[in-house]
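Enquirer: Okay, here's the structure, questions in a sec.
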Amino acid sequence: MIKKELNFPVVYNNGTNIGYGGNQEWFAGSWQRKAGCASTSGANLAAYYASNFPEMKHLYQGDTNPFTMEEYLHSMEEMYTYMTPGPRGFPYVKSYAKQFTKFCNERGISLEPIIMESINSTQEAYEFVKRSINNNFPVALLILHHRAKELKEDNWHWVTITGYEEDESLMEHSNLILSNCGMRQVVKTNILFEVHPKNTVRMVSFFKKEE
């Protein structure tokens with residue numbers, strides 16, 4: 001089994017580990033808690049880049065060793081001003097890419113969004129994730145609709161892909177590692193990326209622009 005998992009933010013509150021990435025339940029407002037998943041995922045990306053690439057430290061205002069809930073929440077609230085959900089939330093991968101790129105540009109960082117708007121094959125989607133993770137970049141994942149019972153609570157929802165586990169001989173044994181509402185979640189690749197009319201999944205990854 002091959003495993004590649006990014007050095008993803010772990011968040012503490014009063015010395016206690018409370019999050020593998022951010023949790024939208026930390027927001028003060030009820031609508032933020034209900035529809036703030038895009039902002040949470042965007043804050044995850046910002047915190048990850050800031051803590052792993054010294055030239056991107058300005059993407060996160062606060063300590064990164066350790067991350068604290070108070071400062072992480074501030075980053076989530078800041079991202080909320082870029083990804084403010086409407087009546088339907090923020091289920092737009094192109095807008096997500098545009099707004100996160102804008103957030104980075106305003107802090108002197110140029111990133112190139114790579115978008116996968118539809119899943120044509122399980123292997124193609126998996127290779128998209130592997131390419132990003134192998135280059136040390138997390139993936140923002142939007143699950144609009146999914147028929148899998150394992151994902152019934154994750155429809156119309158943004159999460160962050162942080163790694164993968166792979167059995168090179170058997171695709172059905174490979175897994176994806178997610179940050180989902182502050183929890184580390186492992187999902188089978190062939191379930192998440194099943195090609196089916198009832199499944200709608202989109203992804204975006206942000207690569208550093210070549211100098």
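Starting from 1 in every chain, residues are counted up; chains themselves are A, B, ... following the order of the structure tokens, and ligands are numbered from 1 as listed.
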With range 32-49 of chain A as the partner and 9 Å as the cut-off, tabulate the residues of range 80-116 of chain A that qualify, each row holding the nearest pair of atoms and their distance in Å to one decimal, using only C-alpha atoms, sorted by chain and rising number, as JSON lines.

Expert:
```
{"residue": "A:Tyr80", "atom": "CA", "partner": "A:Ser39", "partner_atom": "CA", "distance": 4.9}
{"residue": "A:Thr81", "atom": "CA", "partner": "A:Ser39", "partner_atom": "CA", "distance": 8.4}
{"residue": "A:Tyr82", "atom": "CA", "partner": "A:Ser39", "partner_atom": "CA", "distance": 7.8}
{"residue": "A:Met83", "atom": "CA", "partner": "A:Ser39", "partner_atom": "CA", "distance": 5.8}
{"residue": "A:Thr84", "atom": "CA", "partner": "A:Ser39", "partner_atom": "CA", "distance": 7.6}
{"residue": "A:Pro85", "atom": "CA", "partner": "A:Ala35", "partner_atom": "CA", "distance": 6.3}
{"residue": "A:Gly86", "atom": "CA", "partner": "A:Ala35", "partner_atom": "CA", "distance": 8.6}
{"residue": "A:Arg88", "atom": "CA", "partner": "A:Ala35", "partner_atom": "CA", "distance": 8.4}
{"residue": "A:Gly89", "atom": "CA", "partner": "A:Ala35", "partner_atom": "CA", "distance": 5.4}
{"residue": "A:Phe90", "atom": "CA", "partner": "A:Ala38", "partner_atom": "CA", "distance": 6.5}
{"residue": "A:Pro91", "atom": "CA", "partner": "A:Ala38", "partner_atom": "CA", "distance": 8.1}
{"residue": "A:Tyr96", "atom": "CA", "partner": "A:Ala38", "partner_atom": "CA", "distance": 7.5}
{"residue": "A:Phe100", "atom": "CA", "partner": "A:Gly42", "partner_atom": "CA", "distance": 6.8}
{"residue": "A:Cys104", "atom": "CA", "partner": "A:Ala46", "partner_atom": "CA", "distance": 8.3}
```

Enquirer: List every residue of range 103-170 of chain A that DSSP, applied to the backbone, labels as alpha helix (DSSP H), and write the result as a ChimeraX atom specification.

Expert: /A:103-105,122-134

Enquirer: I'd like to know which of A:Glu77, A:Val186, A:Leu192, A:Arg107 is closest to Lys149 in chain A, using only C-alpha atoms.

Expert: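 Residue with the minimum atom-to-atom distance to Lys149 in chain A: A:Leu192.
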
Enquirer: What's around range 127-135 of chain A at 8 Å? Count only C-alpha atoms, leave out sequence neighbours fewer than 2 positions away in its own chain, and write the answer as a PDB file with N, CA, C and O atoms, in the first residue's frame.

Expert:
```
ATOM      1  N   LYS A   4       0.181   8.688   0.544  1.00  0.00           N
ATOM      2  CA  LYS A   4       0.700  10.053   0.437  1.00  0.00           C
ATOM      3  C   LYS A   4      -0.312  10.979   1.086  1.00  0.00           C
ATOM      4  O   LYS A   4      -1.431  11.130   0.604  1.00  0.00           O
ATOM      5  N   GLU A   5       0.055  11.563   2.218  1.00  0.00           N
ATOM      6  CA  GLU A   5      -0.831  12.484   2.924  1.00  0.00           C
ATOM      7  C   GLU A   5      -0.069  13.779   3.211  1.00  0.00           C
ATOM      8  O   GLU A   5       1.051  13.764   3.713  1.00  0.00           O
ATOM      9  N   LEU A   6      -0.700  14.880   2.879  1.00  0.00           N
ATOM     10  CA  LEU A   6      -0.056  16.175   3.038  1.00  0.00           C
ATOM     11  C   LEU A   6       0.095  16.541   4.512  1.00  0.00           C
ATOM     12  O   LEU A   6      -0.616  16.035   5.384  1.00  0.00           O
ATOM     13  N   GLN A 123     -10.717   6.550 -12.994  1.00  0.00           N
ATOM     14  CA  GLN A 123      -9.270   6.653 -13.105  1.00  0.00           C
ATOM     15  C   GLN A 123      -8.833   8.084 -13.400  1.00  0.00           C
ATOM     16  O   GLN A 123      -7.861   8.577 -12.827  1.00  0.00           O
ATOM     17  N   GLU A 124      -9.549   8.751 -14.289  1.00  0.00           N
ATOM     18  CA  GLU A 124      -9.202  10.135 -14.640  1.00  0.00           C
ATOM     19  C   GLU A 124      -9.291  11.050 -13.412  1.00  0.00           C
ATOM     20  O   GLU A 124      -8.404  11.871 -13.166  1.00  0.00           O
ATOM     21  N   ALA A 125     -10.357  10.904 -12.641  1.00  0.00           N
ATOM     22  CA  ALA A 125     -10.518  11.725 -11.443  1.00  0.00           C
ATOM     23  C   ALA A 125      -9.437  11.416 -10.413  1.00  0.00           C
ATOM     24  O   ALA A 125      -8.877  12.318  -9.778  1.00  0.00           O
ATOM     25  N   PHE A 137      -0.079  19.806  -3.309  1.00  0.00           N
ATOM     26  CA  PHE A 137      -1.189  20.742  -3.327  1.00  0.00           C
ATOM     27  C   PHE A 137      -2.484  20.006  -2.989  1.00  0.00           C
ATOM     28  O   PHE A 137      -2.821  19.010  -3.646  1.00  0.00           O
ATOM     29  N   PRO A 138      -3.238  20.473  -1.991  1.00  0.00           N
ATOM     30  CA  PRO A 138      -4.533  19.853  -1.692  1.00  0.00           C
ATOM     31  C   PRO A 138      -5.554  20.162  -2.784  1.00  0.00           C
ATOM     32  O   PRO A 138      -5.321  20.992  -3.664  1.00  0.00           O
ATOM     33  N   VAL A 139      -6.686  19.477  -2.716  1.00  0.00           N
ATOM     34  CA  VAL A 139      -7.743  19.622  -3.721  1.00  0.00           C
ATOM     35  C   VAL A 139      -9.045  20.011  -3.031  1.00  0.00           C
ATOM     36  O   VAL A 139      -9.445  19.372  -2.050  1.00  0.00           O
ATOM     37  N   ILE A 161      -9.500  17.496  -0.131  1.00  0.00           N
ATOM     38  CA  ILE A 161      -8.757  16.238  -0.271  1.00  0.00           C
ATOM     39  C   ILE A 161      -7.306  16.491   0.129  1.00  0.00           C
ATOM     40  O   ILE A 161      -6.647  17.389  -0.396  1.00  0.00           O
ATOM     41  N   THR A 162      -6.807  15.674   1.042  1.00  0.00           N
ATOM     42  CA  THR A 162      -5.478  15.899   1.605  1.00  0.00           C
ATOM     43  C   THR A 162      -4.498  14.760   1.343  1.00  0.00           C
ATOM     44  O   THR A 162      -3.333  14.858   1.711  1.00  0.00           O
ATOM     45  N   GLY A 163      -4.979  13.676   0.726  1.00  0.00           N
ATOM     46  CA  GLY A 163      -4.067  12.571   0.472  1.00  0.00           C
ATOM     47  C   GLY A 163      -4.772  11.387  -0.148  1.00  0.00           C
ATOM     48  O   GLY A 163      -5.975  11.417  -0.427  1.00  0.00           O
ATOM     49  N   TYR A 164      -3.997  10.323  -0.366  1.00  0.00           N
ATOM     50  CA  TYR A 164      -4.558   9.092  -0.929  1.00  0.00           C
ATOM     51  C   TYR A 164      -3.783   7.886  -0.412  1.00  0.00           C
ATOM     52  O   TYR A 164      -2.631   7.992   0.033  1.00  0.00           O
ATOM     53  N   SER A 205      -7.895  22.432  -8.061  1.00  0.00           N
ATOM     54  CA  SER A 205      -6.602  22.445  -7.392  1.00  0.00           C
ATOM     55  C   SER A 205      -5.860  23.692  -7.827  1.00  0.00           C
ATOM     56  O   SER A 205      -6.092  24.217  -8.926  1.00  0.00           O
ATOM     57  N   PHE A 207      -2.135  25.322  -8.422  1.00  0.00           N
ATOM     58  CA  PHE A 207      -0.709  25.087  -8.578  1.00  0.00           C
ATOM     59  C   PHE A 207       0.042  26.414  -8.573  1.00  0.00           C
ATOM     60  O   PHE A 207      -0.489  27.438  -9.006  1.00  0.00           O
TER      61      PHE A 207
END
```

Enquirer: I'd like the neighbourhood of Thr189 in chain A as a PyMOL selection string, where a residue qualifies if any of its atoms comes within 10 Å (using only C-alpha atoms), though same-chain residues fewer than 6 positions away should be ignored.

Expert: chain A and resi 122-123+125-126+164-166+171-177

Enquirer: Can I get the selection written as a compact mmCIF listing (two decimals), in the first residue's frame, with all heavy atoms?

Expert:
```
# COMPACT_ATOMS: atom_id res chain seq x y z
N THR A 122 -13.46 7.02 -13.31
CA THR A 122 -12.89 6.96 -11.97
C THR A 122 -11.38 7.18 -12.02
O THR A 122 -10.81 7.92 -11.21
CB THR A 122 -13.19 5.60 -11.32
OG1 THR A 122 -14.60 5.42 -11.27
CG2 THR A 122 -12.62 5.50 -9.92
N GLN A 123 -10.72 6.55 -12.99
CA GLN A 123 -9.27 6.65 -13.11
C GLN A 123 -8.83 8.08 -13.40
O GLN A 123 -7.86 8.58 -12.83
CB GLN A 123 -8.76 5.72 -14.20
CG GLN A 123 -7.24 5.63 -14.28
CD GLN A 123 -6.61 5.00 -13.05
OE1 GLN A 123 -7.12 4.01 -12.53
NE2 GLN A 123 -5.53 5.58 -12.56
N ALA A 125 -10.36 10.90 -12.64
CA ALA A 125 -10.52 11.73 -11.44
C ALA A 125 -9.44 11.42 -10.41
O ALA A 125 -8.88 12.32 -9.78
CB ALA A 125 -11.90 11.49 -10.85
N TYR A 126 -9.13 10.13 -10.27
CA TYR A 126 -8.10 9.72 -9.31
C TYR A 126 -6.73 10.27 -9.72
O TYR A 126 -5.96 10.74 -8.88
CB TYR A 126 -8.07 8.19 -9.24
CG TYR A 126 -7.12 7.64 -8.20
CD1 TYR A 126 -7.13 8.10 -6.89
CD2 TYR A 126 -6.22 6.62 -8.52
CE1 TYR A 126 -6.28 7.58 -5.94
CE2 TYR A 126 -5.36 6.09 -7.57
CZ TYR A 126 -5.39 6.57 -6.28
OH TYR A 126 -4.54 6.06 -5.34
N TYR A 164 -4.00 10.32 -0.37
CA TYR A 164 -4.56 9.09 -0.93
C TYR A 164 -3.78 7.89 -0.41
O TYR A 164 -2.63 7.99 0.03
CB TYR A 164 -4.54 9.12 -2.46
CG TYR A 164 -3.15 9.17 -3.09
CD1 TYR A 164 -2.42 8.00 -3.33
CD2 TYR A 164 -2.56 10.39 -3.45
CE1 TYR A 164 -1.16 8.04 -3.89
CE2 TYR A 164 -1.30 10.44 -4.01
CZ TYR A 164 -0.61 9.27 -4.23
OH TYR A 164 0.67 9.31 -4.79
N GLU A 165 -4.44 6.74 -0.45
CA GLU A 165 -3.83 5.45 -0.15
C GLU A 165 -4.08 4.57 -1.36
O GLU A 165 -5.21 4.47 -1.83
CB GLU A 165 -4.46 4.82 1.09
CG GLU A 165 -4.31 5.66 2.34
CD GLU A 165 -5.14 5.14 3.50
OE1 GLU A 165 -6.18 4.48 3.24
OE2 GLU A 165 -4.76 5.39 4.65
N GLU A 166 -3.05 3.91 -1.83
CA GLU A 166 -3.17 3.24 -3.12
C GLU A 166 -2.62 1.82 -3.08
O GLU A 166 -1.53 1.57 -2.58
CB GLU A 166 -2.42 4.06 -4.18
CG GLU A 166 -2.39 3.43 -5.56
CD GLU A 166 -1.67 4.33 -6.55
OE1 GLU A 166 -0.42 4.28 -6.61
OE2 GLU A 166 -2.36 5.08 -7.26
N MET A 171 -7.57 -0.96 -8.03
CA MET A 171 -8.16 0.35 -7.86
C MET A 171 -9.21 0.36 -6.75
O MET A 171 -9.33 1.32 -5.98
CB MET A 171 -8.78 0.83 -9.18
CG MET A 171 -9.71 2.04 -9.06
SD MET A 171 -8.89 3.53 -8.44
CE MET A 171 -7.99 4.01 -9.91
N GLU A 172 -9.97 -0.75 -6.64
CA GLU A 172 -11.04 -0.77 -5.65
C GLU A 172 -10.53 -0.75 -4.22
O GLU A 172 -11.30 -0.55 -3.28
CB GLU A 172 -11.96 -1.98 -5.85
CG GLU A 172 -11.27 -3.33 -5.77
CD GLU A 172 -10.83 -3.85 -7.14
OE1 GLU A 172 -10.53 -3.04 -8.03
OE2 GLU A 172 -10.78 -5.09 -7.29
N HIS A 173 -9.22 -0.93 -4.03
CA HIS A 173 -8.64 -0.88 -2.70
C HIS A 173 -8.00 0.47 -2.40
O HIS A 173 -7.40 0.64 -1.33
CB HIS A 173 -7.60 -1.99 -2.52
CG HIS A 173 -8.21 -3.35 -2.45
ND1 HIS A 173 -7.45 -4.51 -2.44
CD2 HIS A 173 -9.50 -3.77 -2.40
CE1 HIS A 173 -8.25 -5.56 -2.38
NE2 HIS A 173 -9.50 -5.13 -2.36
N SER A 174 -8.09 1.42 -3.31
CA SER A 174 -7.49 2.73 -3.07
C SER A 174 -8.49 3.64 -2.35
O SER A 174 -9.71 3.49 -2.49
CB SER A 174 -7.04 3.38 -4.38
OG SER A 174 -8.15 3.72 -5.18
N ASN A 175 -7.97 4.56 -1.56
CA ASN A 175 -8.79 5.47 -0.76
C ASN A 175 -8.33 6.90 -0.94
O ASN A 175 -7.18 7.17 -1.30
CB ASN A 175 -8.67 5.12 0.73
CG ASN A 175 -9.11 3.72 1.05
OD1 ASN A 175 -10.18 3.29 0.65
ND2 ASN A 175 -8.26 2.99 1.78
N LEU A 176 -9.24 7.82 -0.64
CA LEU A 176 -8.93 9.24 -0.59
C LEU A 176 -9.10 9.72 0.84
O LEU A 176 -10.00 9.29 1.56
CB LEU A 176 -9.85 10.02 -1.53
CG LEU A 176 -9.73 9.65 -3.00
CD1 LEU A 176 -10.82 10.32 -3.81
CD2 LEU A 176 -8.36 10.01 -3.55
N ILE A 177 -8.21 10.62 1.26
CA ILE A 177 -8.24 11.18 2.61
C ILE A 177 -8.80 12.59 2.52
O ILE A 177 -8.34 13.40 1.71
CB ILE A 177 -6.84 11.18 3.23
CG1 ILE A 177 -6.26 9.76 3.23
CG2 ILE A 177 -6.88 11.73 4.65
CD1 ILE A 177 -4.77 9.71 3.55
```

Enquirer: Could you tell me which of A:Leu178, A:Met79, A:Val159, A:Met1 comes closest to Thr101 in chain A if we count only C-alpha atoms?

Expert: A:Met79

Enquirer: Write out as number ranges by chain all residues of range 106-189 of chain A that DSSP puts in strand (DSSP E) for this structure's backbone.

Expert: A: 111-116, 139-145, 157-166, 175-180, 183-188
